[in-house]
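Student: There's a structure below that I have some questions on.
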Amino acid sequence: MEKTRNGFENEAVFNPAVIREGEYTHLFYRAVRKGNYSSIGYCKLEGPLKIIERNKKPLLYPERKYESQGIEDPRIVKIEDVYYMTYSVYDKVNVSGAYATSSNLSTFRKQKVITPRFTYDEYFHLIECCQNLNEKYLFHHKLFQEHGIARKLYVWDKNIMFFPKKINGKFALLHRIHPGIQIVYFDDFRELTPAFWKNYMINLENHIVMDPKFYYESSHIGGGCPPIETEFGWLLIYHATQNTPKGIVYHASAALLDLKDPTQVISRLSEPIISPTRKWEKEGVVNNVIFPSGTTVFDDTIYIYYGAADSRVAVASMKLDELIHELKK
């Protein structure tokens, strides 16, 4: 998919949330209009690839102050009878994670911001007792402190996505505080208070799923597609960013997480599974970006949908059992 002349998507379309229902695939993609204002567009596919319907108006668009600049990078899962769409909200300064719910994939009800709203100074004082944290957890605090805004800017918490089922009876939510991927469990959304998040941050090192490890993750990593349950563990397709002499390069890679305790990483690949190689992945609004955000499985083939160069929606595929086999090795 590419941008159109429609006003809400005349700059770019990328980073779709994806879910399969029967023989159809539903895509909820980030649509950007000129001026970098983002909303969520909708597209329906027959099978994994054939577009049969595409809305000419956004499905979700900015209405509240904290999303005034845009609603970005959605992910979607179905838990029991409810569809949960998570996304980032941006107000030109702060980025937070919010969610919406639906019973039919046609209409969504926006809920609220659920990620912590601590300034970088507050965040620094909460995590300074964590002795084993990767030093990159202080990267943005140092950067914004140098610019004199660490007391004003909230911690950027992005790439939030639910597991498609409750784990040990609780909602399980992946999120990304630079540079790694963390997990939070809760019974009810009302639990996610400032006091809850304060205690969580004090113990942040206990909630980390993965931190950067390999050469192609030299900058940071973040959740990509909602995890897929397999008999061997949760399959997580994630994005990894590499510092290179020509700038940051985004890749897609894969890991297996324990079914009962996803903080236990069974395995992860030492090489990416998708990297920017084609012109439309290497050149765009942001060059050299592969940003996976949703999957479907048809006939033992996994289709990985991703944003290409922050400009287009693309898809790659491989045999699911071959990917699992590589991870088991």
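Note on naming: chains are A, B, ... as they come in the structure tokens, residues start from 1 per chain, ligands start from 1 in the order shown.
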Do a neighbour search on stretch 125-133 of chain A at 6 Å with only C-alpha atoms, toss out local chain neighbours closer than 2 positions, and write the hits as a PDB file with N, CA and C atoms, in the first residue's frame.
Tutor:
```pdb
ATOM      1  N   GLU A 122      11.989  12.711  37.117  1.00  0.00           N
ATOM      2  CA  GLU A 122      11.325  11.793  38.052  1.00  0.00           C
ATOM      3  C   GLU A 122      11.719  10.349  37.751  1.00  0.00           C
ATOM      4  N   TYR A 123      11.748  10.013  36.486  1.00  0.00           N
ATOM      5  CA  TYR A 123      12.152   8.666  36.046  1.00  0.00           C
ATOM      6  C   TYR A 123      13.565   8.346  36.524  1.00  0.00           C
ATOM      7  N   MET A 201       8.523   1.227  38.296  1.00  0.00           N
ATOM      8  CA  MET A 201       9.789   1.822  37.869  1.00  0.00           C
ATOM      9  C   MET A 201      10.908   1.544  38.866  1.00  0.00           C
ATOM     10  N   ILE A 202      10.585   1.562  40.130  1.00  0.00           N
ATOM     11  CA  ILE A 202      11.594   1.281  41.150  1.00  0.00           C
ATOM     12  C   ILE A 202      12.176  -0.120  40.956  1.00  0.00           C
TER      13      ILE A 202
END
```
Student: Among stretch 169-312 of chain A, which ones does DSSP assign to helix (DSSP H, G or I) (computed from the backbone)? Answer as a ChimeraX atom specification.
Tutor: /A:189-191,194-202,204-207,215-217,279-282
Student: Keeping N, CA and C atoms for every residue in the selection just given, could you write it to a file as an mmCIF file, in the first residue's frame?
Tutor:
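The resulting file, part.cif, is reproduced below:
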```
data_model
loop_
_atom_site.group_PDB
_atom_site.id
_atom_site.type_symbol
_atom_site.label_atom_id
_atom_site.label_comp_id
_atom_site.auth_asym_id
_atom_site.auth_seq_id
_atom_site.Cartn_x
_atom_site.Cartn_y
_atom_site.Cartn_z
ATOM 1 N N PHE A 189 -7.695 -2.340 34.386
ATOM 2 C CA PHE A 189 -7.040 -1.113 33.916
ATOM 3 C C PHE A 189 -7.011 -0.023 34.995
ATOM 4 N N ARG A 190 -7.922 -0.110 35.935
ATOM 5 C CA ARG A 190 -7.943 0.881 37.010
ATOM 6 C C ARG A 190 -6.737 0.771 37.920
ATOM 7 N N GLU A 191 -6.016 -0.331 37.830
ATOM 8 C CA GLU A 191 -4.809 -0.499 38.640
ATOM 9 C C GLU A 191 -3.663 0.401 38.188
ATOM 10 N N PRO A 194 -0.613 6.306 39.038
ATOM 11 C CA PRO A 194 0.767 6.788 39.250
ATOM 12 C C PRO A 194 1.507 5.991 40.320
ATOM 13 N N ALA A 195 0.808 5.594 41.391
ATOM 14 C CA ALA A 195 1.455 4.813 42.441
ATOM 15 C C ALA A 195 1.883 3.438 41.917
ATOM 16 N N PHE A 196 1.037 2.819 41.078
ATOM 17 C CA PHE A 196 1.371 1.533 40.475
ATOM 18 C C PHE A 196 2.645 1.662 39.651
ATOM 19 N N TRP A 197 2.692 2.686 38.792
ATOM 20 C CA TRP A 197 3.839 2.854 37.907
ATOM 21 C C TRP A 197 5.093 3.257 38.676
ATOM 22 N N LYS A 198 4.927 3.988 39.771
ATOM 23 C CA LYS A 198 6.089 4.351 40.589
ATOM 24 C C LYS A 198 6.756 3.103 41.135
ATOM 25 N N ASN A 199 5.966 2.197 41.680
ATOM 26 C CA ASN A 199 6.515 0.947 42.201
ATOM 27 C C ASN A 199 7.124 0.106 41.085
ATOM 28 N N TYR A 200 6.485 0.129 39.917
ATOM 29 C CA TYR A 200 6.985 -0.612 38.759
ATOM 30 C C TYR A 200 8.368 -0.095 38.360
ATOM 31 N N MET A 201 8.523 1.227 38.296
ATOM 32 C CA MET A 201 9.789 1.822 37.869
ATOM 33 C C MET A 201 10.908 1.544 38.866
ATOM 34 N N ILE A 202 10.585 1.562 40.130
ATOM 35 C CA ILE A 202 11.594 1.281 41.150
ATOM 36 C C ILE A 202 12.176 -0.120 40.956
ATOM 37 N N LEU A 204 12.235 -1.711 37.875
ATOM 38 C CA LEU A 204 12.194 -1.857 36.421
ATOM 39 C C LEU A 204 13.014 -3.040 35.919
ATOM 40 N N GLU A 205 14.158 -3.293 36.526
ATOM 41 C CA GLU A 205 15.015 -4.367 36.027
ATOM 42 C C GLU A 205 14.341 -5.733 36.107
ATOM 43 N N ASN A 206 13.323 -5.871 36.966
ATOM 44 C CA ASN A 206 12.611 -7.146 37.089
ATOM 45 C C ASN A 206 11.559 -7.339 36.007
ATOM 46 N N HIS A 207 11.289 -6.283 35.240
ATOM 47 C CA HIS A 207 10.225 -6.339 34.236
ATOM 48 C C HIS A 207 10.756 -6.354 32.806
ATOM 49 N N TYR A 215 24.755 -7.224 17.162
ATOM 50 C CA TYR A 215 25.306 -6.091 16.414
ATOM 51 C C TYR A 215 24.216 -5.251 15.749
ATOM 52 N N TYR A 216 23.168 -5.912 15.262
ATOM 53 C CA TYR A 216 22.119 -5.177 14.549
ATOM 54 C C TYR A 216 21.130 -4.515 15.512
ATOM 55 N N GLU A 217 21.384 -4.631 16.816
ATOM 56 C CA GLU A 217 20.574 -3.995 17.850
ATOM 57 C C GLU A 217 21.399 -2.949 18.615
ATOM 58 N N LYS A 279 14.759 -0.568 -2.825
ATOM 59 C CA LYS A 279 14.781 0.893 -2.896
ATOM 60 C C LYS A 279 13.704 1.515 -2.034
ATOM 61 N N TRP A 280 12.498 0.922 -2.046
ATOM 62 C CA TRP A 280 11.390 1.506 -1.292
ATOM 63 C C TRP A 280 11.455 1.199 0.199
ATOM 64 N N GLU A 281 12.447 0.403 0.622
ATOM 65 C CA GLU A 281 12.741 0.222 2.051
ATOM 66 C C GLU A 281 13.898 1.117 2.493
ATOM 67 N N LYS A 282 14.758 1.445 1.534
ATOM 68 C CA LYS A 282 15.953 2.241 1.836
ATOM 69 C C LYS A 282 15.729 3.734 1.660
#
```
Student: Go through A:Val95, A:Ala31, A:Ala17, A:Ile167 and flag the residue nearest A:Tyr83, using only C-alpha atoms for the distances.
Tutor: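 Nearest to A:Tyr83: A:Ala17.
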Student: Hey, could you make a per-residue contact list for stretch 91-148 of chain A against stretch 32-45 of chain A with 12 Å as the cut-off, showing the nearest pair of atoms and its distance in Å to one decimal, counting only C-alpha atoms, sorted by chain and number, as CSV?
Tutor:
```
residue,atom,partner,partner_atom,distance
A:Asp91,CA,A:Tyr37,CA,9.9
A:Lys92,CA,A:Tyr37,CA,9.7
A:Ala100,CA,A:Ile40,CA,11.8
A:Leu105,CA,A:Tyr42,CA,9.9
A:Ser106,CA,A:Tyr42,CA,9.3
A:Thr107,CA,A:Tyr42,CA,11.1
A:Phe108,CA,A:Ile40,CA,11.1
```
Student: Could you take the residues named above and write them with C-alpha atoms, as a PDB file, in the first residue's frame?
Tutor:
```pdb
ATOM      1  CA  ASP A  91       1.000  16.073  21.232  1.00  0.00           C
ATOM      2  CA  LYS A  92       4.103  17.557  19.512  1.00  0.00           C
ATOM      3  CA  ALA A 100      -9.269   1.587  22.229  1.00  0.00           C
ATOM      4  CA  LEU A 105     -13.658  -4.256  14.222  1.00  0.00           C
ATOM      5  CA  SER A 106     -15.852  -1.545  12.670  1.00  0.00           C
ATOM      6  CA  THR A 107     -16.270   0.895  15.536  1.00  0.00           C
ATOM      7  CA  PHE A 108     -13.730   1.523  18.260  1.00  0.00           C
TER       8      PHE A 108
END
```
Student: A:Asp188: which residues within 12 Å, counting only C-alpha atoms, same-chain residues fewer than 2 positions away excluded, as a list in words?
Tutor: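 Answer for this query is Ile114, Lys166, Gly169, Lys170, Phe171, Ala172, Val184, Tyr185, Phe186, Arg190, Glu191, Leu192, Thr193 and Phe196 of chain A.
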Student: So which residues of stretch 85-209 of chain A fall under strand (DSSP E) by DSSP, listed as a VMD selection string?
Tutor: chain A and resid 85 to 90 95 to 102 109 to 113 157 to 162 171 to 177 181 to 186 208 to 209
Student: Quick one: write out the picked residues with N, CA and C atoms as a compact mmCIF listing (two decimals), in the first residue's frame?
Tutor:
```txt
# COMPACT_ATOMS: atom_id res chain seq x y z
N MET A 85 -7.05 -2.40 20.59
CA MET A 85 -6.09 -1.72 19.74
C MET A 85 -5.27 -0.76 20.59
N THR A 86 -3.98 -0.97 20.60
CA THR A 86 -3.07 -0.08 21.31
C THR A 86 -2.35 0.80 20.30
N TYR A 87 -1.94 1.98 20.73
CA TYR A 87 -1.27 2.92 19.83
C TYR A 87 -0.56 3.99 20.64
N SER A 88 0.33 4.71 19.98
CA SER A 88 1.00 5.85 20.60
C SER A 88 0.20 7.12 20.32
N VAL A 89 0.17 8.01 21.29
CA VAL A 89 -0.45 9.33 21.10
C VAL A 89 0.63 10.38 21.27
N TYR A 90 0.54 11.43 20.44
CA TYR A 90 1.61 12.43 20.35
C TYR A 90 0.99 13.82 20.33
N VAL A 95 5.07 11.63 24.02
CA VAL A 95 4.54 10.40 23.42
C VAL A 95 4.14 9.45 24.55
N SER A 96 2.91 8.96 24.50
CA SER A 96 2.42 8.01 25.50
C SER A 96 1.69 6.88 24.80
N GLY A 97 1.31 5.86 25.57
CA GLY A 97 0.58 4.72 25.02
C GLY A 97 -0.86 4.73 25.48
N ALA A 98 -1.78 4.53 24.54
CA ALA A 98 -3.21 4.52 24.85
C ALA A 98 -3.84 3.31 24.15
N TYR A 99 -5.15 3.13 24.39
CA TYR A 99 -5.81 1.99 23.75
C TYR A 99 -7.27 2.31 23.47
N ALA A 100 -7.85 1.52 22.57
CA ALA A 100 -9.27 1.59 22.23
C ALA A 100 -9.80 0.16 22.16
N THR A 101 -11.11 0.01 22.30
CA THR A 101 -11.71 -1.32 22.29
C THR A 101 -12.84 -1.40 21.26
N SER A 102 -13.12 -2.63 20.84
CA SER A 102 -14.18 -2.85 19.86
C SER A 102 -14.73 -4.26 20.03
N ARG A 109 -13.96 2.31 20.50
CA ARG A 109 -14.16 3.30 21.56
C ARG A 109 -12.82 3.60 22.20
N LYS A 110 -12.38 4.84 22.08
CA LYS A 110 -11.13 5.23 22.72
C LYS A 110 -11.27 5.15 24.22
N GLN A 111 -10.23 4.66 24.88
CA GLN A 111 -10.24 4.54 26.33
C GLN A 111 -9.34 5.62 26.94
N LYS A 112 -8.10 5.31 27.26
CA LYS A 112 -7.28 6.30 27.95
C LYS A 112 -5.79 5.98 27.78
N VAL A 113 -4.96 6.91 28.20
CA VAL A 113 -3.52 6.67 28.29
C VAL A 113 -3.27 5.70 29.44
N ASP A 157 7.19 6.28 26.19
CA ASP A 157 6.86 4.88 26.36
C ASP A 157 6.05 4.46 25.14
N LYS A 158 6.66 3.67 24.26
CA LYS A 158 6.05 3.38 22.95
C LYS A 158 5.94 1.88 22.71
N ASN A 159 5.43 1.55 21.51
CA ASN A 159 5.36 0.16 21.06
C ASN A 159 4.61 -0.73 22.05
N ILE A 160 3.46 -0.25 22.52
CA ILE A 160 2.70 -1.05 23.48
C ILE A 160 1.78 -2.02 22.74
N MET A 161 1.72 -3.25 23.25
CA MET A 161 0.88 -4.27 22.62
C MET A 161 0.56 -5.36 23.64
N PHE A 162 -0.64 -5.87 23.55
CA PHE A 162 -1.07 -6.95 24.44
C PHE A 162 -0.69 -8.31 23.87
N PHE A 171 -3.94 -9.52 32.35
CA PHE A 171 -3.53 -8.88 31.12
C PHE A 171 -2.00 -8.78 31.11
N ALA A 172 -1.41 -9.03 29.96
CA ALA A 172 0.04 -8.92 29.80
C ALA A 172 0.32 -7.94 28.66
N LEU A 173 1.05 -6.89 28.97
CA LEU A 173 1.28 -5.80 28.03
C LEU A 173 2.78 -5.59 27.84
N LEU A 174 3.23 -5.67 26.60
CA LEU A 174 4.60 -5.31 26.28
C LEU A 174 4.68 -3.82 26.00
N HIS A 175 5.78 -3.20 26.42
CA HIS A 175 5.98 -1.78 26.10
C HIS A 175 7.47 -1.53 25.96
N ARG A 176 7.84 -0.32 25.52
CA ARG A 176 9.24 -0.04 25.26
C ARG A 176 9.66 1.28 25.88
N ILE A 177 10.40 1.19 26.96
CA ILE A 177 11.16 2.33 27.46
C ILE A 177 12.59 2.11 26.99
N ILE A 181 12.72 -3.91 25.86
CA ILE A 181 11.31 -4.28 25.86
C ILE A 181 10.96 -4.77 27.25
N GLN A 182 9.88 -4.22 27.83
CA GLN A 182 9.45 -4.60 29.18
C GLN A 182 8.03 -5.16 29.13
N ILE A 183 7.61 -5.75 30.26
CA ILE A 183 6.27 -6.32 30.35
C ILE A 183 5.63 -5.89 31.66
N VAL A 184 4.33 -5.64 31.60
CA VAL A 184 3.57 -5.29 32.80
C VAL A 184 2.33 -6.17 32.85
N TYR A 185 1.98 -6.66 34.05
CA TYR A 185 0.80 -7.48 34.26
C TYR A 185 -0.19 -6.71 35.13
N PHE A 186 -1.48 -6.91 34.88
CA PHE A 186 -2.49 -6.30 35.74
C PHE A 186 -3.82 -7.02 35.54
N ILE A 208 12.06 -6.40 32.65
CA ILE A 208 12.66 -6.37 31.32
C ILE A 208 12.54 -7.74 30.66
N VAL A 209 12.03 -7.76 29.44
CA VAL A 209 11.97 -8.99 28.65
C VAL A 209 13.27 -9.16 27.88
```
Student: Would you work out the distance separating atom CA of A:Ser293 from atom CA of A:Pro74, expressed in Å to one decimal?
Tutor: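 Result for atom CA of A:Ser293 versus atom CA of A:Pro74: 7.7 Å, one decimal.
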Student: Quick one: residues within 12 Å of A:Leu327, only C-alpha atoms, excluding same-chain residues fewer than 5 positions away - as a PyMOL selection string?
Tutor: chain A and resi 232-237+253-257+265-273+320-322
Student: Would you mind exporting the chosen residues as a compact mmCIF listing (two decimals), in the first residue's frame, restricted to C-alpha atoms?
Tutor:
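Here's the written file again.txt:
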```
# COMPACT_ATOMS: atom_id res chain seq x y z
CA PHE A 232 7.36 -23.99 21.76
CA GLY A 233 6.73 -20.55 23.25
CA TRP A 234 5.51 -17.07 22.37
CA LEU A 235 6.89 -16.03 18.99
CA LEU A 236 7.80 -12.35 19.11
CA ILE A 237 8.66 -10.45 15.94
CA SER A 253 14.04 -10.08 14.07
CA ALA A 254 12.47 -12.87 16.13
CA ALA A 255 12.57 -14.39 19.61
CA LEU A 256 10.83 -17.15 21.55
CA LEU A 257 9.49 -16.36 25.03
CA VAL A 265 13.73 -15.69 26.74
CA ILE A 266 14.08 -19.16 25.28
CA SER A 267 16.00 -17.98 22.22
CA ARG A 268 16.51 -15.09 19.84
CA LEU A 269 18.12 -14.88 16.44
CA SER A 270 21.65 -13.53 16.07
CA GLU A 271 20.76 -12.22 12.60
CA PRO A 272 17.71 -10.20 11.48
CA ILE A 273 15.00 -11.83 9.38
CA LEU A 320 6.35 -20.67 10.26
CA ASP A 321 7.90 -24.03 11.12
CA GLU A 322 11.19 -22.99 9.50
```
Student: Would you mind reading off the distance between atom CA of A:Phe214 and atom CA of A:Asn243, one decimal, in Å?
Tutor: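 Separation between atom CA of A:Phe214 and atom CA of A:Asn243: 11.6 Å.
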Student: Leaving out A:Thr4 and any residue of its chain fewer than 3 positions from it, which residues lie within 12 Å of it when counting only C-alpha atoms, given as a PDB file with C-alpha atoms, in the first residue's frame?
Tutor:
```
ATOM      1  CA  MET A   1       0.000   0.000   0.000  1.00  0.00           C
ATOM      2  CA  GLY A   7      -6.421  14.296   2.767  1.00  0.00           C
ATOM      3  CA  PHE A   8      -5.682  12.126   5.796  1.00  0.00           C
ATOM      4  CA  GLU A   9      -3.055   9.988   4.020  1.00  0.00           C
ATOM      5  CA  ASN A  10      -1.436  12.255   1.440  1.00  0.00           C
ATOM      6  CA  GLU A  11       2.017  12.034   3.052  1.00  0.00           C
ATOM      7  CA  ALA A  12       2.518   8.354   3.945  1.00  0.00           C
ATOM      8  CA  VAL A  13       0.918   5.081   5.095  1.00  0.00           C
ATOM      9  CA  ALA A  31      -1.961   7.348   7.883  1.00  0.00           C
ATOM     10  CA  VAL A  32      -0.061  10.648   7.763  1.00  0.00           C
ATOM     11  CA  ARG A  33      -1.181  13.876   6.164  1.00  0.00           C
ATOM     12  CA  LYS A  34       1.071  16.781   5.329  1.00  0.00           C
ATOM     13  CA  GLY A  41      -6.854   4.183   8.338  1.00  0.00           C
ATOM     14  CA  ARG A  54     -10.000   0.560   1.695  1.00  0.00           C
ATOM     15  CA  ASN A  55     -11.691   3.374   3.589  1.00  0.00           C
ATOM     16  CA  LYS A  56     -11.476   6.907   2.212  1.00  0.00           C
ATOM     17  CA  LYS A  57     -11.736   8.413   5.692  1.00  0.00           C
ATOM     18  CA  SER A 311       6.266   5.587   3.709  1.00  0.00           C
ATOM     19  CA  ARG A 312       4.535   2.368   2.652  1.00  0.00           C
TER      20      ARG A 312
END
```
Student: Between atom CA of A:Thr241 and atom CA of A:Tyr29, what is the spacing in Å?
Tutor: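 For atom CA of A:Tyr29 relative to atom CA of A:Thr241, the distance reads 21.4 Å.
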Student: Skipping near chain neighbours, those fewer than 4 positions away, what residues fall within 12 Å of A:Arg151 using only C-alpha atoms, listed as a list in words?
Tutor: Phe118, Thr119, Tyr120, Asp121, Glu122, Tyr123, Phe124, His125, His141, Lys142, Phe144, Gln145, Glu146, His147 and Val155 of chain A
Student: Go ahead and save the residues from that selection, with N, CA and C atoms, as a PDB file, in the first residue's frame.
Tutor:
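What ended up in out.pdb:
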```
ATOM      1  N   PHE A 118       5.703  10.083  33.905  1.00  0.00           N
ATOM      2  CA  PHE A 118       6.741  10.664  34.736  1.00  0.00           C
ATOM      3  C   PHE A 118       7.661  11.506  33.863  1.00  0.00           C
ATOM      4  N   THR A 119       8.141  12.629  34.389  1.00  0.00           N
ATOM      5  CA  THR A 119       9.162  13.374  33.663  1.00  0.00           C
ATOM      6  C   THR A 119      10.463  12.574  33.697  1.00  0.00           C
ATOM      7  N   TYR A 120      11.393  12.938  32.828  1.00  0.00           N
ATOM      8  CA  TYR A 120      12.664  12.231  32.815  1.00  0.00           C
ATOM      9  C   TYR A 120      13.441  12.424  34.108  1.00  0.00           C
ATOM     10  N   ASP A 121      13.298  13.561  34.754  1.00  0.00           N
ATOM     11  CA  ASP A 121      13.927  13.740  36.059  1.00  0.00           C
ATOM     12  C   ASP A 121      13.315  12.802  37.099  1.00  0.00           C
ATOM     13  N   GLU A 122      11.989  12.711  37.117  1.00  0.00           N
ATOM     14  CA  GLU A 122      11.325  11.793  38.052  1.00  0.00           C
ATOM     15  C   GLU A 122      11.719  10.349  37.751  1.00  0.00           C
ATOM     16  N   TYR A 123      11.748  10.013  36.486  1.00  0.00           N
ATOM     17  CA  TYR A 123      12.152   8.666  36.046  1.00  0.00           C
ATOM     18  C   TYR A 123      13.565   8.346  36.524  1.00  0.00           C
ATOM     19  N   PHE A 124      14.497   9.300  36.395  1.00  0.00           N
ATOM     20  CA  PHE A 124      15.875   9.086  36.822  1.00  0.00           C
ATOM     21  C   PHE A 124      15.947   8.736  38.307  1.00  0.00           C
ATOM     22  N   HIS A 125      15.201   9.456  39.117  1.00  0.00           N
ATOM     23  CA  HIS A 125      15.251   9.214  40.558  1.00  0.00           C
ATOM     24  C   HIS A 125      14.580   7.892  40.944  1.00  0.00           C
ATOM     25  N   HIS A 141      17.475  10.641  29.405  1.00  0.00           N
ATOM     26  CA  HIS A 141      17.545  11.571  30.533  1.00  0.00           C
ATOM     27  C   HIS A 141      18.752  12.492  30.389  1.00  0.00           C
ATOM     28  N   LYS A 142      19.911  11.916  30.058  1.00  0.00           N
ATOM     29  CA  LYS A 142      21.118  12.718  29.878  1.00  0.00           C
ATOM     30  C   LYS A 142      20.953  13.699  28.715  1.00  0.00           C
ATOM     31  N   PHE A 144      18.131  14.969  27.366  1.00  0.00           N
ATOM     32  CA  PHE A 144      17.169  16.038  27.628  1.00  0.00           C
ATOM     33  C   PHE A 144      17.620  16.939  28.782  1.00  0.00           C
ATOM     34  N   GLN A 145      18.442  16.388  29.661  1.00  0.00           N
ATOM     35  CA  GLN A 145      19.002  17.217  30.720  1.00  0.00           C
ATOM     36  C   GLN A 145      19.944  18.264  30.117  1.00  0.00           C
ATOM     37  N   GLU A 146      20.716  17.847  29.127  1.00  0.00           N
ATOM     38  CA  GLU A 146      21.609  18.778  28.446  1.00  0.00           C
ATOM     39  C   GLU A 146      20.837  19.893  27.751  1.00  0.00           C
ATOM     40  N   HIS A 147      19.618  19.567  27.302  1.00  0.00           N
ATOM     41  CA  HIS A 147      18.789  20.554  26.619  1.00  0.00           C
ATOM     42  C   HIS A 147      17.857  21.296  27.579  1.00  0.00           C
ATOM     43  N   VAL A 155       8.611  10.637  30.054  1.00  0.00           N
ATOM     44  CA  VAL A 155       9.307   9.482  29.493  1.00  0.00           C
ATOM     45  C   VAL A 155       8.539   8.959  28.277  1.00  0.00           C
TER      46      VAL A 155
END
```
